[in-house]
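S.K.: Here it is, the structure in full.
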Amino acid sequence: MSRARLLVAALLVLAIAAFFAAGGHRYVTFESLKAQQAALDDWYRAHPWQTVLAYFAVYVAVTGLSLPGATLMTLAGGAVFGLLWGTVIVSFASSLGATLAFLASRFVLRDWVRSRFGERVKAIDEGLAKDGAFYLFTLRLLPVVPFFLINLALGLSAMRARTFYWVSQVGMLAGTLVYVNAGTQLARLESPRGILSWQLLGAFLLLGLFPLVAKGVIDALKARRVYSRWPRPRKFDRNLVVIGAGSAGLVSAYIAATVRAKVTLIEKHRMGGDCLNTGCVPSKALIKTARVLSQIRNASRYGIKSATAEFDFAEVMERVQRVVKAIEPHDSVERYAGLGVECIQGEARITSPWSVSVNGRTLTTRAIIIAAGARPLVPPIPGLEQIEVLTSDNVWQLRKLPARLVVLGGGPIGCELAQAFARLGSQVTQVEMLPRLLVREDPEASEQVRRQFEKEGVSVLVGHKAKQVVLEGGRKLLLCEHEGKGVGIEFDALLCAVGRSPNTAGYGLEELGIPLGKGRTVETNAYLQTLYPNIYACGDVAGPYQFTHTASHQAWYAAVNALFAPFRKFRADYSVIPWATFTEPEVARVGLNETEAKERGIAYEVTTYGIDDLDRAIADGEPHGMVKVLTAPGRDTILGATIVGEHAGDLIAEFVAAMRHRLGLKKILATIHIYPTLAEANKYAAGAWRKAHAPEGVLRQVEKFHAWMRG
């Protein structure tokens, strides 16, 4: 904490101490107020302006310092100044004092709190950014909530001071009026309990219900305005229509069928979406074959003098399709029809908030879930249209191995396919515009992947921006710019893996006016609702993550909210999201990494365990990688973990569970891990943290104890 903050904190503490030392608390009691009532009335009649200013200043000081007595001072305001002027004076004094307390809390404590509880505070800030004014208004209308706690707590948030002030001014007005009115009846009150008469409690109950009723009315008015141009059917044929049968759509339909809702699932292409047909499943099948070939080529590491393998690339790609076919029944029409889902193949179009057309039919539905997925993004590079561009969609159609392959993009998809094709025999050049591969990961993770790629013959060109594709006498060239100089790369095939673009066109979003957000995804609220409260979006089309497992995760929220709103709704929870890149070495992560922690200004400690020291990794001939854990300073609370090495995608699950259920490194250390396994790396990382936080003072005393025991 800076000197300025310490000085302000010290002054606040001294002011509060001085208040109590001078006996100030004795003057803000009910008994004192009753005893001095007549004298206060006489002084006000003789010196009206001086009384108002003195009362105003004292009230601001009491609330600004979060001192007790504001309630009694409000009563005094009513008793002395009457209902009208008492309400005006108290309203402005209380709002100003509350804002001063808010600013003091922000100046003294906010940075410290954010450094220790960064992720939780961020989640709160995100909620307040959307509904903060309403929440504050609700709290101000409930006199049972201590106002000084509200002032201090919101000072730690990102709420603007002017928003805090005007909402407090408006929100506290009704409660101020009630208390000032009670103050006008001060002469009749025999004790503070009189304020809590059933009449006043009833008034406060109404005040408490008011914001909820008001929000319901506002939401209803908003919905009425949004829906005004659309005729609502008197009844619906279905409870839910889901557009898209990828991971998000399949899970949504499955949940709806499980709770016995009538649900229709529409898919224009193939059931299973990208993950089954062109993404996760085929890529992992190809990676497995490539990894087996790599192990055979490196057989000498395992004590085998020589080993060779013959393979046909076309057969490798046919095996990929056989794997897809083997998994296909899990996502098939037959399976989902058996669960009670109506499956329709065709192009869906949302024609109103309650109707979807497909194959000449119009389906009416109470709710709609958009799970339309995403497609590979092909950047507008001049000359690219002259060649057939490979993407993660069509690369599986190859039956002839490209001799020279350029992979555009250094993200997860680009890295996985670059290594796989290199191991299959292509001369691979990977081009990445940014300074390193896997830029979302920490630099040391990226570096380990880069070193392995170059060891395997992949030419990794980072900091190279693709500028143009040129055809010269049958030669294909990719022209790049690197540090101001031109670089030409000759190739036979070009694979574009620079990201994915959400599918948001062609099925009615434009006609309904459903807005798109950052990254051209469908804009949704915390409940995954779009502009129309009965239309939801989840998966790649909604973001913010483009992983199969997060699409499934979102689908649960979208389906439950779509089926049971307005009676019950759940906010989508993104607090613990893991992912992995299936290169060799694998890179897996959950929560914060060091790069993000630095960018967000979140305080952390790093513990790293090198897998090169792990018995099982040495025995397997794979002694490389690391487990890197970020924890809160001085505590074992896990902020995030990154694992680089064999089966990192499997090993990260222990940290995912620990973070989800708020288990610290001490709990992981206390858990028995089978020997010898790779999973022991997690325990050893926890042990490294424990060793760094060993209680040295206690250990010195224990050492003396053992010396004494030896005589």
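A note on labels: chains of the structure tokens are A, B, ... as shown, every chain counts residues from 1, and ligands are counted from 1 in their shown order.
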Kindly provide the residues of region 263-381 of chain A that approach region 498-511 of chain A to within 9 Å, each paired with its closest atom pair and their distance in Å to one decimal, based on only C-alpha atoms, listed by chain and increasing number, as a Markdown table.
M.R.:
| residue | atom | partner | partner_atom | distance |
| --- | --- | --- | --- | --- |
| A:Glu347 | CA | A:Tyr507 | CA | 7.7 |
| A:Ala348 | CA | A:Tyr507 | CA | 6.1 |
| A:Arg349 | CA | A:Tyr507 | CA | 4.2 |
| A:Ile350 | CA | A:Gly508 | CA | 4.9 |
| A:Thr351 | CA | A:Gly508 | CA | 6.4 |
| A:Ser352 | CA | A:Gly508 | CA | 8.5 |
| A:Ala372 | CA | A:Asn503 | CA | 5.9 |
| A:Gly373 | CA | A:Asn503 | CA | 5.8 |
| A:Ala374 | CA | A:Pro502 | CA | 4.0 |
| A:Arg375 | CA | A:Arg500 | CA | 5.3 |
| A:Pro376 | CA | A:Arg500 | CA | 4.4 |
| A:Leu377 | CA | A:Arg500 | CA | 4.8 |
| A:Val378 | CA | A:Val498 | CA | 7.3 |
| A:Pro379 | CA | A:Val498 | CA | 7.9 |
S.K.: Only N, CA, C and O atoms, please: the residues just picked out, written as a PDB file, in the first residue's frame.
M.R.:
ATOM      1  N   GLU A 347     -32.363 -26.470 -43.993  1.00  0.00           N
ATOM      2  CA  GLU A 347     -31.885 -25.139 -43.619  1.00  0.00           C
ATOM      3  C   GLU A 347     -32.968 -24.419 -42.837  1.00  0.00           C
ATOM      4  O   GLU A 347     -34.045 -24.123 -43.371  1.00  0.00           O
ATOM      5  N   ALA A 348     -32.671 -24.128 -41.584  1.00  0.00           N
ATOM      6  CA  ALA A 348     -33.632 -23.438 -40.722  1.00  0.00           C
ATOM      7  C   ALA A 348     -33.588 -21.942 -40.985  1.00  0.00           C
ATOM      8  O   ALA A 348     -32.548 -21.379 -41.339  1.00  0.00           O
ATOM      9  N   ARG A 349     -34.721 -21.303 -40.767  1.00  0.00           N
ATOM     10  CA  ARG A 349     -34.784 -19.845 -40.832  1.00  0.00           C
ATOM     11  C   ARG A 349     -35.754 -19.364 -39.774  1.00  0.00           C
ATOM     12  O   ARG A 349     -36.913 -19.797 -39.738  1.00  0.00           O
ATOM     13  N   ILE A 350     -35.277 -18.483 -38.904  1.00  0.00           N
ATOM     14  CA  ILE A 350     -36.135 -17.925 -37.857  1.00  0.00           C
ATOM     15  C   ILE A 350     -36.997 -16.851 -38.503  1.00  0.00           C
ATOM     16  O   ILE A 350     -36.488 -15.840 -39.006  1.00  0.00           O
ATOM     17  N   THR A 351     -38.311 -17.054 -38.509  1.00  0.00           N
ATOM     18  CA  THR A 351     -39.224 -16.116 -39.174  1.00  0.00           C
ATOM     19  C   THR A 351     -39.935 -15.189 -38.194  1.00  0.00           C
ATOM     20  O   THR A 351     -40.506 -14.187 -38.607  1.00  0.00           O
ATOM     21  N   SER A 352     -39.912 -15.534 -36.934  1.00  0.00           N
ATOM     22  CA  SER A 352     -40.435 -14.669 -35.869  1.00  0.00           C
ATOM     23  C   SER A 352     -39.846 -15.189 -34.566  1.00  0.00           C
ATOM     24  O   SER A 352     -39.228 -16.258 -34.550  1.00  0.00           O
ATOM     25  N   ALA A 372     -25.475 -22.574 -34.084  1.00  0.00           N
ATOM     26  CA  ALA A 372     -25.095 -22.714 -35.484  1.00  0.00           C
ATOM     27  C   ALA A 372     -23.599 -22.902 -35.714  1.00  0.00           C
ATOM     28  O   ALA A 372     -23.158 -23.092 -36.842  1.00  0.00           O
ATOM     29  N   GLY A 373     -22.791 -22.805 -34.660  1.00  0.00           N
ATOM     30  CA  GLY A 373     -21.368 -23.100 -34.785  1.00  0.00           C
ATOM     31  C   GLY A 373     -20.566 -22.022 -35.501  1.00  0.00           C
ATOM     32  O   GLY A 373     -20.964 -20.855 -35.571  1.00  0.00           O
ATOM     33  N   ALA A 374     -19.419 -22.428 -36.045  1.00  0.00           N
ATOM     34  CA  ALA A 374     -18.500 -21.503 -36.714  1.00  0.00           C
ATOM     35  C   ALA A 374     -17.840 -22.226 -37.878  1.00  0.00           C
ATOM     36  O   ALA A 374     -17.977 -23.441 -38.044  1.00  0.00           O
ATOM     37  N   ARG A 375     -17.111 -21.468 -38.679  1.00  0.00           N
ATOM     38  CA  ARG A 375     -16.427 -22.024 -39.849  1.00  0.00           C
ATOM     39  C   ARG A 375     -15.013 -21.466 -39.902  1.00  0.00           C
ATOM     40  O   ARG A 375     -14.738 -20.411 -39.302  1.00  0.00           O
ATOM     41  N   PRO A 376     -14.108 -22.135 -40.606  1.00  0.00           N
ATOM     42  CA  PRO A 376     -12.740 -21.616 -40.703  1.00  0.00           C
ATOM     43  C   PRO A 376     -12.715 -20.227 -41.340  1.00  0.00           C
ATOM     44  O   PRO A 376     -13.428 -19.966 -42.311  1.00  0.00           O
ATOM     45  N   LEU A 377     -11.897 -19.360 -40.793  1.00  0.00           N
ATOM     46  CA  LEU A 377     -11.741 -18.014 -41.320  1.00  0.00           C
ATOM     47  C   LEU A 377     -10.612 -18.005 -42.353  1.00  0.00           C
ATOM     48  O   LEU A 377      -9.501 -18.444 -42.064  1.00  0.00           O
ATOM     49  N   VAL A 378     -10.910 -17.518 -43.538  1.00  0.00           N
ATOM     50  CA  VAL A 378      -9.897 -17.375 -44.590  1.00  0.00           C
ATOM     51  C   VAL A 378      -9.659 -15.885 -44.798  1.00  0.00           C
ATOM     52  O   VAL A 378     -10.564 -15.170 -45.234  1.00  0.00           O
ATOM     53  N   PRO A 379      -8.477 -15.387 -44.473  1.00  0.00           N
ATOM     54  CA  PRO A 379      -8.227 -13.945 -44.555  1.00  0.00           C
ATOM     55  C   PRO A 379      -8.162 -13.458 -46.004  1.00  0.00           C
ATOM     56  O   PRO A 379      -7.845 -14.240 -46.917  1.00  0.00           O
TER      57      PRO A 379
END
S.K.: Interatomic distance between CA of Leu665 (chain A) and CA of Ala688 (chain A)?
M.R.: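 Straight-line distance from CA of Leu665 (chain A) to CA of Ala688 (chain A) works out to 9.8 Å.
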S.K.: Env of Lys666 (chain A): 10 Å cut, atoms = only C-alpha atoms, seq-sep filter 3 positions within chain, self excluded. Answer as a list in words.
M.R.: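 In the requested form, the answer reads Arg635, Asp636, Thr637, Leu663, Leu669, Ala670, Thr671, Lys683, Ala686, Gly687, Trp689 and Arg690 of chain A.
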S.K.: Selected residues, N, CA and C atoms, written as an mmCIF file, in the first residue's frame, please.
M.R.:
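Output below, filename selection_20.cif:
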data_model
loop_
_atom_site.group_PDB
_atom_site.id
_atom_site.type_symbol
_atom_site.label_atom_id
_atom_site.label_comp_id
_atom_site.auth_asym_id
_atom_site.auth_seq_id
_atom_site.Cartn_x
_atom_site.Cartn_y
_atom_site.Cartn_z
ATOM 1 N N ARG A 635 -0.794 -17.929 -0.010
ATOM 2 C CA ARG A 635 -1.838 -18.932 0.210
ATOM 3 C C ARG A 635 -1.757 -20.014 -0.860
ATOM 4 N N ASP A 636 -2.443 -21.122 -0.611
ATOM 5 C CA ASP A 636 -2.398 -22.219 -1.582
ATOM 6 C C ASP A 636 -3.581 -22.197 -2.547
ATOM 7 N N THR A 637 -4.338 -21.104 -2.559
ATOM 8 C CA THR A 637 -5.474 -20.964 -3.466
ATOM 9 C C THR A 637 -4.977 -20.936 -4.911
ATOM 10 N N LEU A 663 -10.388 -26.280 -3.780
ATOM 11 C CA LEU A 663 -9.397 -27.047 -3.036
ATOM 12 C C LEU A 663 -8.015 -26.477 -3.342
ATOM 13 N N LEU A 669 -1.590 -32.092 -2.315
ATOM 14 C CA LEU A 669 -0.418 -32.718 -1.701
ATOM 15 C C LEU A 669 -0.826 -33.852 -0.776
ATOM 16 N N ALA A 670 -1.977 -33.703 -0.129
ATOM 17 C CA ALA A 670 -2.438 -34.717 0.826
ATOM 18 C C ALA A 670 -3.153 -35.889 0.151
ATOM 19 N N THR A 671 -3.305 -35.825 -1.179
ATOM 20 C CA THR A 671 -3.993 -36.887 -1.923
ATOM 21 C C THR A 671 -2.977 -37.928 -2.397
ATOM 22 N N LYS A 683 1.211 -33.625 -7.802
ATOM 23 C CA LYS A 683 1.514 -33.679 -6.368
ATOM 24 C C LYS A 683 2.876 -33.057 -6.084
ATOM 25 N N ALA A 686 2.621 -29.383 -6.029
ATOM 26 C CA ALA A 686 2.066 -28.941 -4.746
ATOM 27 C C ALA A 686 3.120 -29.024 -3.648
ATOM 28 N N GLY A 687 3.964 -30.066 -3.715
ATOM 29 C CA GLY A 687 5.041 -30.197 -2.733
ATOM 30 C C GLY A 687 6.063 -29.089 -2.851
ATOM 31 N N TRP A 689 5.400 -26.073 -3.806
ATOM 32 C CA TRP A 689 4.790 -24.891 -3.167
ATOM 33 C C TRP A 689 4.926 -24.989 -1.650
ATOM 34 N N ARG A 690 4.657 -26.169 -1.112
ATOM 35 C CA ARG A 690 4.695 -26.338 0.345
ATOM 36 C C ARG A 690 6.108 -26.104 0.880
#
S.K.: Taking 3 positions as the minimum chain separation for residues in the same chain, which residues sit within 10 Å of region 249-263 of chain A when counting only C-alpha atoms? Answer as a VMD selection string.
M.R.: chain A and resid 237 to 246 266 to 267 271 to 273 331 to 332 336 to 343 365 367 to 373 537 to 539 551 to 560 562 to 563
S.K.: For N, CA and C atoms, I'd like the residues from the last selection saved as a tab-separated table (two decimals), in the first residue's frame.
M.R.:
chain	number	residue	atom	x	y	z
A	237	ASP	N	-46.51	-25.47	-30.99
A	237	ASP	CA	-46.38	-26.89	-31.34
A	237	ASP	C	-45.27	-27.56	-30.52
A	238	ARG	N	-44.26	-26.76	-30.14
A	238	ARG	CA	-43.08	-27.31	-29.47
A	238	ARG	C	-42.67	-26.42	-28.31
A	239	ASN	N	-41.93	-27.03	-27.38
A	239	ASN	CA	-41.32	-26.23	-26.31
A	239	ASN	C	-40.03	-25.58	-26.78
A	240	LEU	N	-39.30	-26.29	-27.69
A	240	LEU	CA	-37.98	-25.81	-28.06
A	240	LEU	C	-37.62	-26.26	-29.47
A	241	VAL	N	-37.03	-25.33	-30.22
A	241	VAL	CA	-36.40	-25.65	-31.51
A	241	VAL	C	-34.93	-25.30	-31.39
A	242	VAL	N	-34.06	-26.24	-31.73
A	242	VAL	CA	-32.61	-26.03	-31.67
A	242	VAL	C	-32.08	-26.01	-33.09
A	243	ILE	N	-31.33	-24.96	-33.42
A	243	ILE	CA	-30.75	-24.81	-34.76
A	243	ILE	C	-29.27	-25.16	-34.69
A	244	GLY	N	-28.91	-26.29	-35.29
A	244	GLY	CA	-27.51	-26.73	-35.29
A	244	GLY	C	-27.33	-27.97	-34.43
A	245	ALA	N	-26.75	-29.02	-35.03
A	245	ALA	CA	-26.58	-30.29	-34.31
A	245	ALA	C	-25.12	-30.58	-34.04
A	246	GLY	N	-24.37	-29.54	-33.67
A	246	GLY	CA	-23.02	-29.75	-33.16
A	246	GLY	C	-23.09	-30.02	-31.66
A	266	ILE	N	-32.68	-29.12	-35.72
A	266	ILE	CA	-32.54	-28.91	-37.16
A	266	ILE	C	-31.05	-28.79	-37.51
A	267	GLU	N	-30.61	-29.58	-38.47
A	267	GLU	CA	-29.21	-29.55	-38.93
A	267	GLU	C	-29.21	-29.57	-40.46
A	271	MET	N	-25.01	-34.41	-38.67
A	271	MET	CA	-25.12	-34.49	-37.21
A	271	MET	C	-23.72	-34.61	-36.61
A	272	GLY	N	-23.54	-33.98	-35.47
A	272	GLY	CA	-22.23	-34.01	-34.82
A	272	GLY	C	-21.42	-32.76	-35.05
A	273	GLY	N	-21.80	-32.00	-36.10
A	273	GLY	CA	-21.15	-30.73	-36.34
A	273	GLY	C	-19.66	-30.85	-36.64
A	331	ASP	N	-23.81	-39.51	-32.13
A	331	ASP	CA	-24.47	-38.25	-32.48
A	331	ASP	C	-25.51	-38.43	-33.58
A	332	SER	N	-25.97	-39.64	-33.79
A	332	SER	CA	-26.81	-39.94	-34.95
A	332	SER	C	-28.26	-39.54	-34.76
A	336	TYR	N	-30.84	-39.91	-31.28
A	336	TYR	CA	-31.60	-38.79	-30.73
A	336	TYR	C	-33.10	-38.96	-30.95
A	337	ALA	N	-33.48	-39.58	-32.07
A	337	ALA	CA	-34.90	-39.89	-32.27
A	337	ALA	C	-35.38	-40.86	-31.19
A	338	GLY	N	-34.51	-41.81	-30.85
A	338	GLY	CA	-34.85	-42.74	-29.77
A	338	GLY	C	-34.99	-42.08	-28.42
A	339	LEU	N	-34.31	-40.95	-28.24
A	339	LEU	CA	-34.43	-40.20	-26.98
A	339	LEU	C	-35.68	-39.34	-26.95
A	340	GLY	N	-36.34	-39.19	-28.11
A	340	GLY	CA	-37.54	-38.36	-28.16
A	340	GLY	C	-37.35	-37.03	-28.86
A	341	VAL	N	-36.21	-36.86	-29.53
A	341	VAL	CA	-35.94	-35.61	-30.25
A	341	VAL	C	-36.39	-35.76	-31.70
A	342	GLU	N	-37.15	-34.78	-32.19
A	342	GLU	CA	-37.50	-34.75	-33.60
A	342	GLU	C	-36.31	-34.14	-34.36
A	343	CYS	N	-35.70	-34.91	-35.24
A	343	CYS	CA	-34.52	-34.45	-35.99
A	343	CYS	C	-34.92	-34.17	-37.43
A	365	THR	N	-42.85	-22.44	-31.73
A	365	THR	CA	-42.12	-22.92	-30.55
A	365	THR	C	-42.09	-21.85	-29.47
A	367	ALA	N	-39.59	-21.46	-27.35
A	367	ALA	CA	-38.22	-20.95	-27.25
A	367	ALA	C	-37.37	-21.51	-28.38
A	368	ILE	N	-36.30	-20.78	-28.69
A	368	ILE	CA	-35.37	-21.17	-29.76
A	368	ILE	C	-33.95	-21.09	-29.21
A	369	ILE	N	-33.13	-22.09	-29.55
A	369	ILE	CA	-31.70	-22.04	-29.22
A	369	ILE	C	-30.90	-22.04	-30.52
A	370	ILE	N	-30.08	-21.02	-30.69
A	370	ILE	CA	-29.20	-20.92	-31.85
A	370	ILE	C	-27.87	-21.56	-31.48
A	371	ALA	N	-27.52	-22.64	-32.17
A	371	ALA	CA	-26.25	-23.34	-31.93
A	371	ALA	C	-25.62	-23.63	-33.29
A	372	ALA	N	-25.48	-22.57	-34.08
A	372	ALA	CA	-25.10	-22.71	-35.48
A	372	ALA	C	-23.60	-22.90	-35.71
A	373	GLY	N	-22.79	-22.81	-34.66
A	373	GLY	CA	-21.37	-23.10	-34.79
A	373	GLY	C	-20.57	-22.02	-35.50
A	537	ALA	N	-28.60	-18.33	-27.45
A	537	ALA	CA	-27.48	-18.73	-28.32
A	537	ALA	C	-26.39	-19.34	-27.45
A	538	CYS	N	-25.73	-20.38	-27.96
A	538	CYS	CA	-24.65	-21.02	-27.20
A	538	CYS	C	-23.68	-21.68	-28.17
A	539	GLY	N	-22.51	-22.02	-27.65
A	539	GLY	CA	-21.48	-22.64	-28.48
A	539	GLY	C	-20.65	-21.61	-29.23
A	551	ALA	N	-18.92	-25.44	-25.33
A	551	ALA	CA	-20.21	-25.43	-26.02
A	551	ALA	C	-21.22	-26.30	-25.27
A	552	SER	N	-20.78	-27.48	-24.85
A	552	SER	CA	-21.65	-28.37	-24.06
A	552	SER	C	-22.02	-27.73	-22.73
A	553	HIS	N	-21.05	-27.07	-22.12
A	553	HIS	CA	-21.26	-26.40	-20.84
A	553	HIS	C	-22.32	-25.31	-20.98
A	554	GLN	N	-22.20	-24.48	-22.02
A	554	GLN	CA	-23.18	-23.42	-22.25
A	554	GLN	C	-24.56	-24.00	-22.57
A	555	ALA	N	-24.56	-25.11	-23.28
A	555	ALA	CA	-25.83	-25.70	-23.71
A	555	ALA	C	-26.73	-26.04	-22.54
A	556	TRP	N	-26.13	-26.49	-21.44
A	556	TRP	CA	-26.94	-26.80	-20.25
A	556	TRP	C	-27.69	-25.56	-19.79
A	557	TYR	N	-26.97	-24.44	-19.69
A	557	TYR	CA	-27.61	-23.20	-19.23
A	557	TYR	C	-28.68	-22.73	-20.22
A	558	ALA	N	-28.35	-22.78	-21.51
A	558	ALA	CA	-29.30	-22.31	-22.51
A	558	ALA	C	-30.57	-23.16	-22.48
A	559	ALA	N	-30.42	-24.48	-22.42
A	559	ALA	CA	-31.58	-25.37	-22.46
A	559	ALA	C	-32.44	-25.21	-21.21
A	560	VAL	N	-31.82	-25.22	-20.04
A	560	VAL	CA	-32.59	-25.10	-18.79
A	560	VAL	C	-33.30	-23.75	-18.72
A	562	ALA	N	-34.13	-21.82	-21.27
A	562	ALA	CA	-35.16	-21.76	-22.31
A	562	ALA	C	-36.42	-22.51	-21.90
A	563	LEU	N	-36.24	-23.60	-21.18
A	563	LEU	CA	-37.39	-24.44	-20.83
A	563	LEU	C	-38.10	-24.00	-19.55
S.K.: What does the distance from CA of Leu100 (chain A) to CA of Gly64 (chain A) come to in Å, to one decimal?
M.R.: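 According to the coordinates, CA of Leu100 (chain A) and CA of Gly64 (chain A) are separated by 5.2 Å.
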S.K.: Excluding same-chain residues fewer than 3 positions from Val656 (chain A), what lies within 12 Å of it counting only C-alpha atoms, as an NGL selection string?
M.R.: :A and (575-579 or 588-592 or 629 or 638-643 or 649-653 or 659-664 or 668 or 682)
S.K.: Could you give me, as a VMD selection string, each residue of region 304-454 of chain A that DSSP assigns to helix (DSSP H, G or I) when run on this structure's backbone?
M.R.: chain A and resid 313 to 331 333 to 339 384 to 386 395 to 397 412 to 424 443 to 454
S.K.: Keeping only C-alpha atoms, write the selected residues as a short mmCIF file (atom, residue, chain, number, x, y, z; two decimals), in the first residue's frame.
M.R.:
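Everything below was put into result-v2.cif:
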data_model
loop_
_atom_site.label_atom_id
_atom_site.label_comp_id
_atom_site.auth_asym_id
_atom_site.auth_seq_id
_atom_site.Cartn_x
_atom_site.Cartn_y
_atom_site.Cartn_z
CA PHE A 313 -1.15 -41.50 -46.82
CA ALA A 314 -4.47 -42.29 -48.49
CA GLU A 315 -4.96 -45.20 -46.09
CA VAL A 316 -4.10 -42.96 -43.14
CA MET A 317 -6.84 -40.56 -44.22
CA GLU A 318 -9.25 -43.45 -44.73
CA ARG A 319 -8.53 -44.57 -41.17
CA VAL A 320 -9.46 -41.07 -40.02
CA GLN A 321 -12.83 -41.47 -41.72
CA ARG A 322 -13.30 -44.91 -40.15
CA VAL A 323 -12.77 -43.34 -36.71
CA VAL A 324 -15.39 -40.71 -37.53
CA LYS A 325 -17.79 -43.44 -38.66
CA ALA A 326 -17.18 -45.43 -35.47
CA ILE A 327 -18.09 -42.45 -33.28
CA GLU A 328 -20.90 -41.22 -35.53
CA PRO A 329 -23.66 -43.30 -33.87
CA HIS A 330 -23.17 -41.33 -30.65
CA ASP A 331 -24.47 -38.25 -32.48
CA VAL A 333 -30.41 -39.16 -35.87
CA GLU A 334 -31.35 -42.68 -34.74
CA ARG A 335 -29.97 -42.17 -31.25
CA TYR A 336 -31.60 -38.79 -30.73
CA ALA A 337 -34.90 -39.89 -32.27
CA GLY A 338 -34.85 -42.74 -29.77
CA LEU A 339 -34.43 -40.20 -26.98
CA LEU A 384 -5.35 -16.49 -52.34
CA GLU A 385 -8.37 -16.96 -54.58
CA GLN A 386 -6.09 -18.38 -57.30
CA VAL A 395 -8.12 -31.02 -45.42
CA TRP A 396 -9.66 -34.43 -44.65
CA GLN A 397 -10.45 -34.89 -48.34
CA PRO A 412 -3.90 -24.65 -31.59
CA ILE A 413 -5.33 -25.90 -34.90
CA GLY A 414 -2.34 -24.69 -36.91
CA CYS A 415 0.15 -26.22 -34.49
CA GLU A 416 -1.60 -29.59 -34.27
CA LEU A 417 -1.87 -30.00 -38.04
CA ALA A 418 1.62 -28.61 -38.77
CA GLN A 419 3.26 -31.23 -36.52
CA ALA A 420 1.04 -34.06 -37.77
CA PHE A 421 1.79 -33.39 -41.45
CA ALA A 422 5.50 -32.98 -40.72
CA ARG A 423 5.56 -36.38 -39.04
CA LEU A 424 3.72 -37.86 -42.02
CA PRO A 443 6.22 -17.85 -23.35
CA GLU A 444 8.02 -20.89 -21.89
CA ALA A 445 5.15 -23.16 -23.01
CA SER A 446 5.28 -21.69 -26.51
CA GLU A 447 9.04 -22.07 -26.58
CA GLN A 448 8.94 -25.77 -25.68
CA VAL A 449 6.53 -26.41 -28.53
CA ARG A 450 8.65 -24.37 -30.97
CA ARG A 451 11.83 -26.25 -30.04
CA GLN A 452 10.12 -29.59 -30.59
CA PHE A 453 8.73 -28.45 -33.95
CA GLU A 454 12.12 -27.34 -35.20
#
S.K.: Calculated over only C-alpha atoms, which of the candidates A:Ser95, A:Thr524, A:Ala182, A:Phe107 has the smallest distance to Thr163 (chain A)?
M.R.: A:Ser95
S.K.: Pick out the closest residue to Asp615 (chain A) from this set: A:Tyr59, A:Phe547, A:Tyr684, A:Tyr574. Count only C-alpha atoms.
M.R.: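 Ranked by minimum distance to Asp615 (chain A), first place goes to A:Tyr684.
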S.K.: Using only C-alpha atoms, which of the listed residues (A:Glu310, A:Glu441, A:Glu680, A:Glu696) sits closest to Glu586 (chain A)?
M.R.: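 Closest to Glu586 (chain A), using only C-alpha atoms: A:Glu441.
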S.K.: If you count only C-alpha atoms, which residues fall within 6 Å of region 76-89 of chain A, apart from same-chain ones fewer than 2 positions away, as a CSV table (one decimal) with N, CA, C and O atoms, in the first residue's frame?
M.R.:
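around33.csv was written with the following content:
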chain,number,residue,atom,x,y,z
A,41,ASP,N,-35.0,22.6,19.1
A,41,ASP,CA,-36.0,23.4,18.4
A,41,ASP,C,-35.8,24.8,18.6
A,41,ASP,O,-35.9,25.6,17.7
A,73,MET,N,-29.8,10.5,13.6
A,73,MET,CA,-29.7,11.8,13.0
A,73,MET,C,-30.8,12.1,12.0
A,73,MET,O,-31.3,13.2,11.8
A,74,THR,N,-31.2,11.0,11.3
A,74,THR,CA,-32.3,11.2,10.3
A,74,THR,C,-33.6,11.5,11.1
A,74,THR,O,-34.4,12.4,10.7
A,91,SER,N,-31.5,13.9,2.6
A,91,SER,CA,-31.3,13.2,1.3
A,91,SER,C,-29.9,13.6,0.7
A,91,SER,O,-29.1,12.7,0.3
A,92,PHE,N,-29.6,14.9,0.6
A,92,PHE,CA,-28.4,15.3,0.1
A,92,PHE,C,-27.2,15.0,1.0
A,92,PHE,O,-26.1,14.6,0.5
A,177,LEU,N,-37.5,9.4,3.5
A,177,LEU,CA,-38.9,10.0,3.7
A,177,LEU,C,-39.6,9.3,4.9
A,177,LEU,O,-40.2,9.9,5.8
A,180,VAL,N,-37.6,10.2,8.2
A,180,VAL,CA,-37.9,11.6,8.5
A,180,VAL,C,-39.3,11.8,9.0
A,180,VAL,O,-39.5,12.5,10.0
A,181,ASN,N,-40.2,11.1,8.4
A,181,ASN,CA,-41.6,11.2,8.8
A,181,ASN,C,-41.7,10.7,10.3
A,181,ASN,O,-42.4,11.2,11.1
A,183,GLY,N,-39.4,10.8,12.4
A,183,GLY,CA,-38.8,11.8,13.2
A,183,GLY,C,-39.7,12.9,13.6
A,183,GLY,O,-39.6,13.5,14.7
A,184,THR,N,-40.6,13.2,12.6
A,184,THR,CA,-41.6,14.3,13.0
A,184,THR,C,-42.5,13.8,14.1
A,184,THR,O,-43.2,14.7,14.7
A,186,LEU,N,-41.4,12.3,16.6
A,186,LEU,CA,-40.4,11.9,17.7
A,186,LEU,C,-40.9,12.1,19.1
A,186,LEU,O,-40.7,11.3,20.0
S.K.: Report, in Å to a single decimal, how far apart CA of Thr278 (chain A) and CA of Ser392 (chain A) are.
M.R.: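 It comes out at 6.2 Å.
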S.K.: Contacts of Cys496 (chain A) at 7 Å or less, counting only C-alpha atoms, minus same-chain residues fewer than 3 places along, as a PyMOL selection string?
M.R.: chain A and resi 378+389-391+407-409
